[in-house]
Structures are given as structure tokens and as C-alpha cells.
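Raw contents of protein26.csv, CSV, C-alpha atoms:
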chain,number,residue,atom,x,y,z
T,5,MET,CA,-98.1,107.5,109.0
T,6,PRO,CA,-96.4,104.9,111.1
T,7,GLU,CA,-98.4,102.4,113.2
T,8,ILE,CA,-98.9,103.6,116.7
T,9,THR,CA,-97.1,101.3,119.1
T,10,LEU,CA,-96.3,101.1,122.8
T,11,GLU,CA,-92.8,102.3,121.9
T,12,LEU,CA,-94.2,105.4,120.2
T,13,ILE,CA,-96.3,106.1,123.2
T,14,ARG,CA,-93.2,105.8,125.5
T,15,GLU,CA,-91.4,108.3,123.2
T,16,ALA,CA,-94.4,110.7,123.4
T,17,HIS,CA,-94.3,110.5,127.2
T,18,ALA,CA,-90.6,111.2,127.2
T,19,ARG,CA,-91.3,114.2,125.0
T,20,ILE,CA,-94.1,115.8,127.1
T,21,ARG,CA,-93.6,114.6,130.7
T,22,GLY,CA,-91.6,117.7,131.7
T,23,GLN,CA,-94.6,119.9,130.9
T,24,ILE,CA,-97.6,117.9,132.0
T,25,ARG,CA,-98.8,116.5,135.3
T,26,ARG,CA,-98.6,112.9,136.2
T,27,THR,CA,-102.1,112.9,137.4
T,28,PRO,CA,-103.1,111.1,140.6
T,29,VAL,CA,-105.0,107.8,140.9
T,30,LEU,CA,-107.8,108.1,143.5
T,31,THR,CA,-110.0,105.5,145.2
T,32,SER,CA,-113.2,105.6,147.2
T,33,THR,CA,-114.4,102.8,149.6
T,34,ARG,CA,-118.0,104.0,149.2
T,35,LEU,CA,-118.0,103.9,145.4
T,36,ASP,CA,-116.3,100.4,145.6
T,37,GLU,CA,-119.2,99.2,147.7
T,38,LEU,CA,-121.8,100.6,145.3
T,39,ALA,CA,-120.1,99.0,142.3
T,40,GLY,CA,-119.1,95.7,144.0
T,41,ALA,CA,-115.7,96.2,142.6
T,42,LYS,CA,-112.4,97.9,143.4
T,43,LEU,CA,-112.3,101.2,141.4
T,44,PHE,CA,-109.2,103.3,140.6
T,45,PHE,CA,-109.8,106.7,139.1
T,46,LYS,CA,-107.1,108.3,136.9
T,47,CYS,CA,-107.8,112.0,137.4
T,48,GLU,CA,-107.1,113.8,134.2
T,49,ASN,CA,-109.5,116.5,135.5
T,50,PHE,CA,-106.4,117.7,137.3
T,51,GLN,CA,-104.3,117.8,134.1
T,52,LYS,CA,-102.9,121.1,132.7
T,53,THR,CA,-105.8,122.9,130.9
T,54,GLY,CA,-108.2,120.6,132.7
T,55,SER,CA,-108.2,117.6,130.4
T,56,PHE,CA,-106.2,114.7,128.9
T,57,LYS,CA,-106.2,116.6,125.6
T,58,THR,CA,-103.1,118.5,126.7
T,59,ARG,CA,-101.1,115.3,126.2
T,60,GLY,CA,-101.9,114.7,122.5
T,61,ALA,CA,-101.8,118.4,121.6
T,62,LEU,CA,-98.4,118.9,123.2
T,63,ASN,CA,-97.0,115.8,121.6
T,64,ALA,CA,-98.2,116.8,118.2
T,65,ILE,CA,-96.9,120.4,118.5
T,66,LEU,CA,-93.5,119.4,119.9
T,67,SER,CA,-93.2,116.8,117.1
T,68,LEU,CA,-93.4,119.5,114.4
T,69,THR,CA,-90.2,120.6,112.6
T,70,ASP,CA,-89.4,124.3,112.8
T,71,ALA,CA,-90.5,124.6,109.2
T,72,GLU,CA,-93.8,123.0,109.9
T,73,ALA,CA,-94.4,125.1,112.9
T,74,SER,CA,-93.3,128.4,111.3
T,75,HIS,CA,-96.9,129.5,110.5
T,76,GLY,CA,-98.5,128.2,113.6
T,77,VAL,CA,-101.1,125.5,114.1
T,78,ALA,CA,-104.8,125.2,113.4
T,79,THR,CA,-107.5,122.9,114.7
T,80,HIS,CA,-111.2,122.6,115.3
T,81,SER,CA,-112.8,121.6,118.6
T,82,SER,CA,-115.8,122.2,120.9
T,83,GLY,CA,-113.5,123.1,123.7
T,84,ASN,CA,-110.9,121.0,125.5
T,85,HIS,CA,-108.7,120.2,122.5
T,86,ALA,CA,-108.9,123.9,121.5
T,87,ALA,CA,-107.6,125.0,124.9
T,88,ALA,CA,-104.9,122.3,124.8
T,89,VAL,CA,-103.7,123.4,121.4
T,90,SER,CA,-103.7,127.0,122.4
T,91,TRP,CA,-101.7,126.2,125.5
T,92,ALA,CA,-99.2,124.0,123.8
T,93,ALA,CA,-98.7,126.5,120.9
T,94,GLY,CA,-98.0,129.1,123.5
T,95,LEU,CA,-95.2,126.9,125.0
T,96,ARG,CA,-93.6,126.7,121.6
T,97,GLY,CA,-94.1,130.4,120.9
T,98,ILE,CA,-96.3,130.0,117.8
T,99,PRO,CA,-99.9,131.1,117.1
T,100,ALA,CA,-102.9,128.8,117.3
T,101,PHE,CA,-105.9,129.2,115.0
T,102,VAL,CA,-108.9,127.5,116.5
T,103,VAL,CA,-112.3,126.8,114.8
T,104,MET,CA,-115.1,126.4,117.4
T,105,PRO,CA,-118.8,125.9,116.9
T,106,ARG,CA,-120.9,129.0,117.6
T,107,THR,CA,-122.8,126.9,120.2
T,108,ALA,CA,-119.6,126.3,122.3
T,109,SER,CA,-120.0,127.2,125.9
T,110,ARG,CA,-118.8,130.6,127.0
T,111,PHE,CA,-116.7,128.9,129.6
T,112,LYS,CA,-114.7,126.9,127.0
T,113,VAL,CA,-114.4,129.9,124.7
T,114,ALA,CA,-113.0,132.0,127.5
T,115,SER,CA,-110.5,129.2,128.3
T,116,VAL,CA,-109.2,129.2,124.7
T,117,GLU,CA,-108.9,133.0,124.7
T,118,ARG,CA,-107.0,132.8,128.0
T,119,TYR,CA,-104.4,130.5,126.5
T,120,GLY,CA,-104.0,132.8,123.5
T,121,GLY,CA,-106.0,130.9,120.8
T,122,ARG,CA,-107.3,132.9,117.9
T,123,ILE,CA,-110.9,131.7,117.5
T,124,VAL,CA,-113.0,131.4,114.3
T,125,PHE,CA,-116.6,130.4,114.9
T,126,CYS,CA,-118.6,128.1,112.6
T,127,GLU,CA,-121.9,126.3,112.5
T,128,PRO,CA,-122.2,123.4,114.9
T,129,THR,CA,-121.7,120.6,112.4
T,130,HIS,CA,-118.7,118.4,111.7
T,131,GLN,CA,-118.6,119.4,108.1
T,132,ALA,CA,-118.7,123.1,109.0
T,133,ARG,CA,-115.8,122.6,111.4
T,134,GLU,CA,-113.7,120.7,108.8
T,135,GLU,CA,-114.4,123.3,106.1
T,136,ALA,CA,-113.6,126.3,108.3
T,137,ALA,CA,-110.4,124.7,109.5
T,138,ALA,CA,-109.3,124.0,105.9
T,139,LYS,CA,-110.0,127.6,105.0
T,140,VAL,CA,-107.9,128.9,108.0
T,141,ILE,CA,-105.0,126.6,106.9
T,142,GLU,CA,-105.3,127.8,103.3
T,143,GLU,CA,-105.1,131.5,104.5
T,144,THR,CA,-102.4,131.1,107.1
T,145,GLY,CA,-100.3,128.1,106.2
T,146,ALA,CA,-100.7,126.8,109.7
T,147,ALA,CA,-100.1,123.1,110.4
T,148,LEU,CA,-103.2,121.0,111.2
T,149,VAL,CA,-103.4,119.4,114.6
T,150,HIS,CA,-106.5,117.3,114.3
T,151,PRO,CA,-108.4,116.7,117.6
T,152,TYR,CA,-108.3,112.9,117.3
T,153,ASN,CA,-107.5,111.5,113.8
T,154,ASP,CA,-103.7,111.9,114.0
T,155,GLY,CA,-101.0,109.4,115.1
T,156,ARG,CA,-99.2,112.0,117.2
T,157,ILE,CA,-102.5,112.7,119.0
T,158,ILE,CA,-103.2,109.0,119.6
T,159,ALA,CA,-99.7,108.5,121.0
T,160,GLY,CA,-100.0,111.4,123.3
T,161,GLN,CA,-103.3,110.3,124.6
T,162,GLY,CA,-101.9,106.8,125.2
T,163,THR,CA,-99.7,108.2,127.8
T,164,VAL,CA,-102.7,108.4,130.2
T,165,ALA,CA,-102.9,104.6,130.2
T,166,LEU,CA,-99.1,104.2,130.2
T,167,GLU,CA,-99.0,106.0,133.6
T,168,PHE,CA,-102.1,104.3,134.8
T,169,VAL,CA,-100.9,100.7,134.3
T,170,GLU,CA,-97.5,101.6,135.6
T,171,ASP,CA,-99.0,103.0,138.8
T,172,VAL,CA,-101.7,100.3,139.2
T,173,PRO,CA,-100.2,97.3,137.4
T,174,ASP,CA,-102.8,94.7,138.4
T,175,LEU,CA,-105.9,96.1,136.8
T,176,ASP,CA,-108.4,93.7,135.3
T,177,ALA,CA,-110.0,96.3,133.1
T,178,VAL,CA,-109.8,100.0,132.1
T,179,ILE,CA,-112.6,102.1,130.7
T,180,CYS,CA,-112.4,105.6,129.2
T,181,PRO,CA,-114.8,107.8,127.2
T,182,VAL,CA,-114.9,107.7,123.5
T,183,GLY,CA,-115.8,110.4,121.0
T,184,GLY,CA,-113.4,110.7,118.1
T,185,GLY,CA,-111.5,107.7,119.6
T,186,GLY,CA,-108.0,109.1,120.1
T,187,LEU,CA,-108.0,108.4,123.8
T,188,LEU,CA,-109.6,104.9,123.5
T,189,ALA,CA,-107.2,103.9,120.7
T,190,GLY,CA,-104.2,105.1,122.7
T,191,THR,CA,-105.5,103.5,125.9
T,192,ALA,CA,-105.9,100.2,124.2
T,193,ILE,CA,-102.4,100.2,122.7
T,194,ALA,CA,-100.7,101.2,125.9
T,195,ALA,CA,-102.8,99.1,128.3
T,196,LYS,CA,-102.6,95.9,126.3
T,197,GLY,CA,-99.0,96.5,125.4
T,198,LEU,CA,-98.1,96.6,129.1
T,199,ALA,CA,-100.7,94.0,130.3
T,200,PRO,CA,-102.0,91.8,127.5
T,201,ALA,CA,-104.7,90.2,129.6
T,202,ILE,CA,-106.3,93.5,130.6
T,203,LYS,CA,-109.8,94.3,129.2
T,204,VAL,CA,-110.4,97.7,127.6
T,205,PHE,CA,-113.8,99.3,127.2
T,206,GLY,CA,-115.1,102.6,125.8
T,207,GLY,CA,-118.0,104.5,127.4
T,208,GLU,CA,-120.3,106.5,125.0
T,209,PRO,CA,-123.5,108.5,125.3
T,210,GLU,CA,-126.6,106.8,123.9
T,211,GLY,CA,-127.3,110.0,122.0
T,212,ALA,CA,-124.0,109.9,120.1
T,213,ALA,CA,-123.3,106.2,119.9
T,214,ASP,CA,-121.6,106.0,116.5
T,215,THR,CA,-118.6,104.0,117.9
T,216,SER,CA,-120.9,101.4,119.5
T,217,LEU,CA,-122.9,101.1,116.2
T,218,SER,CA,-119.6,100.9,114.2
T,219,PHE,CA,-118.0,98.5,116.6
T,220,SER,CA,-121.0,96.1,116.3
T,221,SER,CA,-121.1,96.2,112.5
T,222,GLY,CA,-117.4,96.4,111.9
T,223,ILE,CA,-117.9,99.4,109.6
T,224,ARG,CA,-117.7,103.1,110.6
T,225,GLN,CA,-121.3,104.4,110.7
T,226,PRO,CA,-122.1,108.0,111.7
T,227,VAL,CA,-125.1,109.0,113.8
T,228,THR,CA,-127.3,111.7,112.4
T,229,GLY,CA,-127.6,114.7,114.7
T,230,PRO,CA,-125.7,113.4,117.7
T,231,ALA,CA,-126.8,115.0,120.9
T,232,SER,CA,-125.8,114.6,124.6
T,233,ILE,CA,-124.8,116.6,127.6
T,234,ALA,CA,-121.4,115.1,127.0
T,235,ASP,CA,-120.6,117.7,124.4
T,236,GLY,CA,-116.9,116.5,124.1
T,237,LEU,CA,-118.0,113.1,122.8
T,238,LEU,CA,-120.1,114.1,119.8
T,239,ALA,CA,-117.4,113.5,117.2
T,240,PHE,CA,-117.6,110.7,114.6
T,241,VAL,CA,-114.9,108.1,115.4
T,242,GLY,CA,-111.8,108.6,113.3
T,243,ASP,CA,-110.7,106.3,110.5
T,244,LEU,CA,-107.2,106.0,112.0
T,245,ASN,CA,-108.6,105.1,115.4
T,246,PHE,CA,-111.4,102.8,114.4
T,247,PRO,CA,-109.2,99.9,113.2
T,248,VAL,CA,-107.3,100.0,116.5
T,249,ILE,CA,-110.5,100.0,118.4
T,250,LEU,CA,-111.8,97.0,116.4
T,251,ARG,CA,-108.6,95.1,117.0
T,252,LEU,CA,-107.9,95.8,120.6
T,253,VAL,CA,-111.0,97.0,122.4
T,254,ASP,CA,-113.3,94.5,124.2
T,255,GLY,CA,-116.5,96.5,124.1
T,256,ILE,CA,-118.3,99.8,123.9
T,257,ILE,CA,-120.8,100.6,126.7
T,258,THR,CA,-123.5,103.2,126.0
T,259,VAL,CA,-125.2,105.2,128.8
T,260,PRO,CA,-128.1,107.7,128.8
T,261,ASP,CA,-127.6,111.4,129.7
T,262,ALA,CA,-129.5,110.9,133.0
T,263,ALA,CA,-126.9,108.3,134.1
T,264,ILE,CA,-124.0,110.6,133.0
T,265,ALA,CA,-125.4,113.4,135.1
T,266,ALA,CA,-125.9,111.1,138.1
T,267,ALA,CA,-122.3,109.9,137.8
T,268,MET,CA,-121.0,113.4,137.6
T,269,ARG,CA,-123.0,114.4,140.7
T,270,GLN,CA,-121.9,111.3,142.6
T,271,LEU,CA,-118.2,111.9,142.0
T,272,LEU,CA,-118.7,115.4,143.3
T,273,GLU,CA,-120.6,114.4,146.4
T,274,VAL,CA,-118.6,111.3,147.4
T,275,MET,CA,-115.1,112.0,146.1
T,276,LYS,CA,-115.3,115.8,146.1
T,277,ILE,CA,-114.0,116.1,142.6
T,278,ALA,CA,-115.5,117.9,139.7
T,279,VAL,CA,-115.6,116.2,136.3
T,280,GLU,CA,-117.4,117.4,133.2
T,281,PRO,CA,-120.2,115.2,131.6
T,282,SER,CA,-117.8,113.7,129.0
T,283,ALA,CA,-115.5,112.5,131.8
T,284,ALA,CA,-118.3,111.1,133.8
T,285,VAL,CA,-119.3,108.7,131.0
T,286,ALA,CA,-116.7,106.1,132.0
T,287,TYR,CA,-117.8,106.0,135.6
T,288,ALA,CA,-121.5,106.0,134.5
T,289,ALA,CA,-120.8,102.8,132.5
T,290,VAL,CA,-119.6,101.2,135.8
T,291,ALA,CA,-122.3,102.7,138.0
T,292,THR,CA,-125.1,101.5,135.8
T,293,GLY,CA,-123.8,97.9,136.1
T,294,LYS,CA,-123.1,97.5,132.4
T,295,THR,CA,-119.5,96.5,132.8
T,296,ALA,CA,-120.1,93.2,134.7
T,297,ALA,CA,-117.6,94.6,137.2
T,298,ALA,CA,-118.3,92.4,140.3
T,299,GLY,CA,-115.1,91.6,142.1
T,300,MET,CA,-112.8,93.2,139.5
T,301,ARG,CA,-110.2,95.8,139.7
T,302,ILE,CA,-111.3,98.5,137.3
T,303,GLY,CA,-109.4,101.6,136.1
T,304,VAL,CA,-111.7,104.5,135.2
T,305,ILE,CA,-110.2,107.4,133.3
T,306,LEU,CA,-111.8,110.7,134.3
T,307,SER,CA,-110.9,112.6,131.1
T,308,GLY,CA,-111.5,116.2,132.1
T,309,GLY,CA,-112.7,118.7,134.7
T,310,ASN,CA,-113.8,121.7,132.7
T,311,VAL,CA,-117.2,122.0,134.2
T,312,ASP,CA,-119.4,124.9,132.9
T,313,LEU,CA,-121.1,126.1,136.0
T,314,GLU,CA,-123.9,127.6,133.9
T,315,ARG,CA,-124.7,124.2,132.4
T,316,ILE,CA,-124.7,121.8,135.5
T,317,PRO,CA,-127.1,119.1,134.3
T,318,TRP,CA,-128.9,118.5,137.6
T,319,ALA,CA,-129.7,122.2,137.8
T,320,LYS,CA,-132.0,121.7,134.8
T,321,GLU,CA,-134.6,119.2,133.7
T,322,VAL,CA,-132.4,116.1,133.9
T,323,SER,CA,-133.8,113.2,135.8
T,324,VAL,CA,-131.2,111.8,138.2
Take the structure I supplied and represent it as C-alpha cells, if you would.
Amino acid sequence: MPEITLELIREAHARIRGQIRRTPVLTSTRLDELAGAKLFFKCENFQKTGSFKTRGALNAILSLTDAEASHGVATHSSGNHAAAVSWAAGLRGIPAFVVMPRTASRFKVASVERYGGRIVFCEPTHQAREEAAAKVIEETGAALVHPYNDGRIIAGQGTVALEFVEDVPDLDAVICPVGGGGLLAGTAIAAKGLAPAIKVFGGEPEGAADTSLSFSSGIRQPVTGPASIADGLLAFVGDLNFPVILRLVDGIITVPDAAIAAAMRQLLEVMKIAVEPSAAVAYAAVATGKTAAAGMRIGVILSGGNVDLERIPWAKEVSV
């Protein structure tokens, strides 16, 4: 697989821009005052299917040859990537076979079904997801569209930062959530390709801090039994993404679930925008003061807005 470069990210953007939204960048004087910095929010919660995952999925599926796409596509996902693949496959007129954990929220299952994805449920472990997807591919001949460990996915996700830095060219830093690492790797390549002095940070839940642990040691290290309200960030950082993250990312910031819930609520109350817990992680890293943000111009990627109204964290026993 070729090295992912700024040029490949530009090619991905040219391939997908006719079908995606160039999402807005919003600001808030009140949140600037609280952070002691100038914040710019790239709102992928307004993206097609409700998250940035649409970019990578569409780039990957449009990159397939007719022969590769002839039996459809397959993937595994807890929700957002599953919906994105189902939507993008529908645009190309091919079936999407989606493996989801049986614990996935009904809200995200319904989204996948709405976009035409054919769901296979599995146990809620990474191994079970991989094994179920492999079985689906064996039975159907579908092409794998991995949720994060795929160069086409990384390039597609990098288009978020490509737009961001073009629209706000004087950012000092940009921070995004990290789970499998496709968004963070793509962000680092695009942002530093356009503005070499920019700092790039990943935000990660404390209960699923494999990227932070791996970044500190220089060796990929999984976390046993990752758990967080940020269910989209429980994946183990991919082996394609990790070297990029080691080379280009300036740090990984971990935050507790209580801070994630508080950030999610504050964005709703102050900016009147709904983001899911995984998307609130990046802002939580700023709001908790862990980014040393004073006086800086910071770009915050709000990665998705697929909020399950039955699982709003502050409606339960979460201290905020």
C-alpha cells in the first residue's frame, strides 16, 4: 500500500467532495473565555450520515474497481463507520455487509438499516468482529472496507483537516479524537503538510487509552477490556496508523468519562449543537486544561453527532 501523502488526501477530496458536505467551522466567545484560547470547531456532526466516517468510506468504495466492487463491500463497526459504508455502497449501487456488536445501540443499528446495510451481529470483542467479518467475506466475496486500518480510509479522513486548515490557515494546533487512529493519522498528514509548524494532538478516553500507552512506549499496546461512554473510540490503534501517529503527532491527551459528558453537555448548552461522546473527547481535552492552550488558536474536530437519546450520559449516574 502506498504511503499516505498530502497529495493522496487531495486526490481523495477531489473524488468525494461532490457527495459530502464541506462542514462549517463554528466559534464561541463564551467557550473562548473559558478556555483562555481562541477555539475553532470543525463540525463533522453536520456531515452526511452524521460523522466524518462518511469521507473515508466513500473514498474507499469509490476507489474500488468494478471487479472489486462486484460482490459488494463488508466491514465491522460499532456504528458510524457501518452507517457510512452502507450509505456509500448505496451510492455505488452495491450491497454492504456490516458486522456490528450485539451491544450496539438501537439508534445506530437503525441508522445502518436505514442506509440499506445488511447486518450480522457478533460478540462485543475486537476478535469476534474480525472473525465475523472474515466469514462474511468468505461467504459473499465482498471487498473489505476496514474502519480505520486502510490507506484509502486514512486519506479520506484526512480531508477533514485539509478543509479545516484551508478555511482557518493560522491555527496553532488541531486536536481530534483517536480510536483506531484513521482520523488522527489523516489529520496529522494533512495539517502538517499544509502548515508544518502546527501542533497535532489526539484526544482519548482514559478507559480506552491504548494510543496514549502505545505513544508513550513507542510500541502498540492494547488495553484489556476498554470501556468508555465514547463507544466509537474503543478500537485498538491500527498498525498502519500508529507509525504515522508516532512520527507526526505531538501528544495524546486522555480524559475521564465525566469530562467527556461535561464537554458534550457544554457544547449543547452554549453552542446549541449536539455531538456524541466520542466527538466531545477533543473538546474535553481543551476544557480540562490538558492542552496548555492559553492564548493559542486551536482547531477542535467534532467528529460526529449521532447522539443516542436513550443514552445521554448526564441522564444517568455520571458526575458532571
Item checked: T:Ala88, T:Val248, T:Ile277, T:Ala93 ranked by distance to T:Lys112, top pick (using only C-alpha atoms) ->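 Among the listed residues, T:Ala88 lies closest to T:Lys112.
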Quick one: which stretch 87-190 of chain T residues come within 12 Å of stretch 290-293 of chain T, and what is the nearest atom pair for each with the distance in Å to one decimal, counting all atoms listed in the file, rows ordered by chain and ascending number, as JSON lines?
{"residue": "T:Ala177", "atom": "CA", "partner": "T:Val290", "partner_atom": "CA", "distance": 11.1}
{"residue": "T:Val178", "atom": "CA", "partner": "T:Val290", "partner_atom": "CA", "distance": 10.5}
{"residue": "T:Ile179", "atom": "CA", "partner": "T:Val290", "partner_atom": "CA", "distance": 8.7}
{"residue": "T:Cys180", "atom": "CA", "partner": "T:Val290", "partner_atom": "CA", "distance": 10.7}
{"residue": "T:Pro181", "atom": "CA", "partner": "T:Val290", "partner_atom": "CA", "distance": 11.9}
Next item on the list: Write out as a PyMOL selection string each polymer residue whose atoms come within 8 Å of stretch 50-55 of chain T, counting all atoms listed in the file; drop sequence neighbours fewer than 5 positions from it.
Entry: chain T and resi 24-27+84+87-88+91+307-310
Next item on the list: Kindly indicate which residue among T:Val182, T:Ala189, T:Cys126, T:Ala289 lies nearest to T:Gly162, using only C-alpha atoms for the distances.
Entry: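 Of T:Val182, T:Ala189, T:Cys126, T:Ala289, the one nearest T:Gly162, counting only C-alpha atoms, is T:Ala189.
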Restrict the calculation to all atoms listed in the file, then for each residue of stretch 142-200 of chain T with any atom at most 7 Å from an atom of stretch 224-244 of chain T give the closest atom pair and their distance in Å to one decimal, rows by chain and rising residue number, as JSON lines.
{"residue": "T:Tyr152", "atom": "CA", "partner": "T:Gly242", "partner_atom": "CA", "distance": 6.8}
{"residue": "T:Asn153", "atom": "CA", "partner": "T:Gly242", "partner_atom": "CA", "distance": 5.2}
{"residue": "T:Val182", "atom": "CA", "partner": "T:Leu237", "partner_atom": "CA", "distance": 6.3}
{"residue": "T:Gly183", "atom": "CA", "partner": "T:Leu237", "partner_atom": "CA", "distance": 3.9}
{"residue": "T:Gly184", "atom": "CA", "partner": "T:Val241", "partner_atom": "CA", "distance": 4.0}
{"residue": "T:Gly185", "atom": "CA", "partner": "T:Val241", "partner_atom": "CA", "distance": 5.4}
Notebook entry, point to check: atom CA of T:Ile223 and atom CA of T:Ala132, how far apart in Å?
Noted result: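 One can read the atom CA of T:Ala132 to atom CA of T:Ile223 distance as 23.7 Å.
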Next item on the list: Find the distance between atom CA of T:Cys47 and atom CA of T:Ala199 and write it in Å to one decimal.
Entry: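 Atom-to-atom, atom CA of T:Cys47 and atom CA of T:Ala199 are spaced 20.6 Å apart.
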Note to self: From the options T:Phe246, T:Asp261, T:Leu166, T:Glu135, which residue's atoms come nearest to T:Gly211, counting all atoms listed in the file?
What the structure shows: T:Asp261
May I ask you to restore N, CA and C atoms in stretch 18-47 of chain T and write the result as a PDB file, in the coordinates of the input?
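Okay, rebuild_14.pdb is ready:
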ATOM      1  N   ALA T  18     -91.909 110.622 126.992  1.00  0.00           N
ATOM      2  CA  ALA T  18     -90.600 111.200 127.200  1.00  0.00           C
ATOM      3  C   ALA T  18     -90.579 112.676 126.715  1.00  0.00           C
ATOM      4  N   ARG T  19     -91.265 112.913 125.618  1.00  0.00           N
ATOM      5  CA  ARG T  19     -91.300 114.200 125.000  1.00  0.00           C
ATOM      6  C   ARG T  19     -92.075 115.250 125.819  1.00  0.00           C
ATOM      7  N   ILE T  20     -93.172 114.810 126.438  1.00  0.00           N
ATOM      8  CA  ILE T  20     -94.100 115.800 127.100  1.00  0.00           C
ATOM      9  C   ILE T  20     -94.057 115.766 128.593  1.00  0.00           C
ATOM     10  N   ARG T  21     -93.445 114.769 129.218  1.00  0.00           N
ATOM     11  CA  ARG T  21     -93.600 114.600 130.700  1.00  0.00           C
ATOM     12  C   ARG T  21     -93.087 115.782 131.483  1.00  0.00           C
ATOM     13  N   GLY T  22     -92.152 116.529 130.937  1.00  0.00           N
ATOM     14  CA  GLY T  22     -91.600 117.700 131.700  1.00  0.00           C
ATOM     15  C   GLY T  22     -92.602 118.836 131.748  1.00  0.00           C
ATOM     16  N   GLN T  23     -93.658 118.818 130.905  1.00  0.00           N
ATOM     17  CA  GLN T  23     -94.600 119.900 130.900  1.00  0.00           C
ATOM     18  C   GLN T  23     -96.002 119.579 131.327  1.00  0.00           C
ATOM     19  N   ILE T  24     -96.277 118.288 131.534  1.00  0.00           N
ATOM     20  CA  ILE T  24     -97.600 117.900 132.000  1.00  0.00           C
ATOM     21  C   ILE T  24     -97.561 117.390 133.407  1.00  0.00           C
ATOM     22  N   ARG T  25     -98.726 117.118 133.961  1.00  0.00           N
ATOM     23  CA  ARG T  25     -98.800 116.500 135.300  1.00  0.00           C
ATOM     24  C   ARG T  25     -98.965 115.008 135.174  1.00  0.00           C
ATOM     25  N   ARG T  26     -98.260 114.283 136.017  1.00  0.00           N
ATOM     26  CA  ARG T  26     -98.600 112.900 136.200  1.00  0.00           C
ATOM     27  C   ARG T  26     -99.738 112.800 137.146  1.00  0.00           C
ATOM     28  N   THR T  27    -100.916 112.717 136.599  1.00  0.00           N
ATOM     29  CA  THR T  27    -102.100 112.900 137.400  1.00  0.00           C
ATOM     30  C   THR T  27    -102.310 111.756 138.407  1.00  0.00           C
ATOM     31  N   PRO T  28    -102.937 112.062 139.543  1.00  0.00           N
ATOM     32  CA  PRO T  28    -103.100 111.100 140.600  1.00  0.00           C
ATOM     33  C   PRO T  28    -104.130 110.003 140.263  1.00  0.00           C
ATOM     34  N   VAL T  29    -104.029 108.872 140.951  1.00  0.00           N
ATOM     35  CA  VAL T  29    -105.000 107.800 140.900  1.00  0.00           C
ATOM     36  C   VAL T  29    -105.720 107.811 142.277  1.00  0.00           C
ATOM     37  N   LEU T  30    -107.014 108.081 142.300  1.00  0.00           N
ATOM     38  CA  LEU T  30    -107.800 108.100 143.500  1.00  0.00           C
ATOM     39  C   LEU T  30    -108.707 106.954 143.676  1.00  0.00           C
ATOM     40  N   THR T  31    -109.078 106.648 144.909  1.00  0.00           N
ATOM     41  CA  THR T  31    -110.000 105.500 145.200  1.00  0.00           C
ATOM     42  C   THR T  31    -111.084 106.021 146.147  1.00  0.00           C
ATOM     43  N   SER T  32    -112.154 105.240 146.251  1.00  0.00           N
ATOM     44  CA  SER T  32    -113.200 105.600 147.200  1.00  0.00           C
ATOM     45  C   SER T  32    -113.874 104.265 147.658  1.00  0.00           C
ATOM     46  N   THR T  33    -113.813 104.040 148.969  1.00  0.00           N
ATOM     47  CA  THR T  33    -114.400 102.800 149.600  1.00  0.00           C
ATOM     48  C   THR T  33    -115.920 102.820 149.280  1.00  0.00           C
ATOM     49  N   ARG T  34    -116.569 103.976 149.370  1.00  0.00           N
ATOM     50  CA  ARG T  34    -118.000 104.000 149.200  1.00  0.00           C
ATOM     51  C   ARG T  34    -118.378 103.666 147.723  1.00  0.00           C
ATOM     52  N   LEU T  35    -117.663 104.185 146.745  1.00  0.00           N
ATOM     53  CA  LEU T  35    -118.000 103.900 145.400  1.00  0.00           C
ATOM     54  C   LEU T  35    -117.631 102.401 145.045  1.00  0.00           C
ATOM     55  N   ASP T  36    -116.612 101.866 145.714  1.00  0.00           N
ATOM     56  CA  ASP T  36    -116.300 100.400 145.600  1.00  0.00           C
ATOM     57  C   ASP T  36    -117.501  99.598 146.049  1.00  0.00           C
ATOM     58  N   GLU T  37    -118.072  99.979 147.189  1.00  0.00           N
ATOM     59  CA  GLU T  37    -119.200  99.200 147.700  1.00  0.00           C
ATOM     60  C   GLU T  37    -120.407  99.295 146.785  1.00  0.00           C
ATOM     61  N   LEU T  38    -120.655 100.473 146.210  1.00  0.00           N
ATOM     62  CA  LEU T  38    -121.800 100.600 145.300  1.00  0.00           C
ATOM     63  C   LEU T  38    -121.592  99.802 144.018  1.00  0.00           C
ATOM     64  N   ALA T  39    -120.353  99.731 143.546  1.00  0.00           N
ATOM     65  CA  ALA T  39    -120.100  99.000 142.300  1.00  0.00           C
ATOM     66  C   ALA T  39    -119.829  97.535 142.497  1.00  0.00           C
ATOM     67  N   GLY T  40    -119.511  97.128 143.713  1.00  0.00           N
ATOM     68  CA  GLY T  40    -119.100  95.700 144.000  1.00  0.00           C
ATOM     69  C   GLY T  40    -117.817  95.373 143.327  1.00  0.00           C
ATOM     70  N   ALA T  41    -116.967  96.373 143.190  1.00  0.00           N
ATOM     71  CA  ALA T  41    -115.700  96.200 142.600  1.00  0.00           C
ATOM     72  C   ALA T  41    -114.685  97.174 143.179  1.00  0.00           C
ATOM     73  N   LYS T  42    -113.396  96.984 142.900  1.00  0.00           N
ATOM     74  CA  LYS T  42    -112.400  97.900 143.400  1.00  0.00           C
ATOM     75  C   LYS T  42    -112.101  98.881 142.210  1.00  0.00           C
ATOM     76  N   LEU T  43    -112.390 100.162 142.432  1.00  0.00           N
ATOM     77  CA  LEU T  43    -112.300 101.200 141.400  1.00  0.00           C
ATOM     78  C   LEU T  43    -111.060 102.061 141.608  1.00  0.00           C
ATOM     79  N   PHE T  44    -110.394 102.375 140.521  1.00  0.00           N
ATOM     80  CA  PHE T  44    -109.200 103.300 140.600  1.00  0.00           C
ATOM     81  C   PHE T  44    -109.504 104.368 139.517  1.00  0.00           C
ATOM     82  N   PHE T  45    -109.474 105.612 139.954  1.00  0.00           N
ATOM     83  CA  PHE T  45    -109.800 106.700 139.100  1.00  0.00           C
ATOM     84  C   PHE T  45    -108.568 107.512 138.701  1.00  0.00           C
ATOM     85  N   LYS T  46    -108.235 107.502 137.399  1.00  0.00           N
ATOM     86  CA  LYS T  46    -107.100 108.300 136.900  1.00  0.00           C
ATOM     87  C   LYS T  46    -107.644 109.678 136.578  1.00  0.00           C
ATOM     88  N   CYS T  47    -107.175 110.662 137.340  1.00  0.00           N
ATOM     89  CA  CYS T  47    -107.800 112.000 137.400  1.00  0.00           C
ATOM     90  C   CYS T  47    -107.204 112.984 136.424  1.00  0.00           C
TER      91      CYS T  47
END
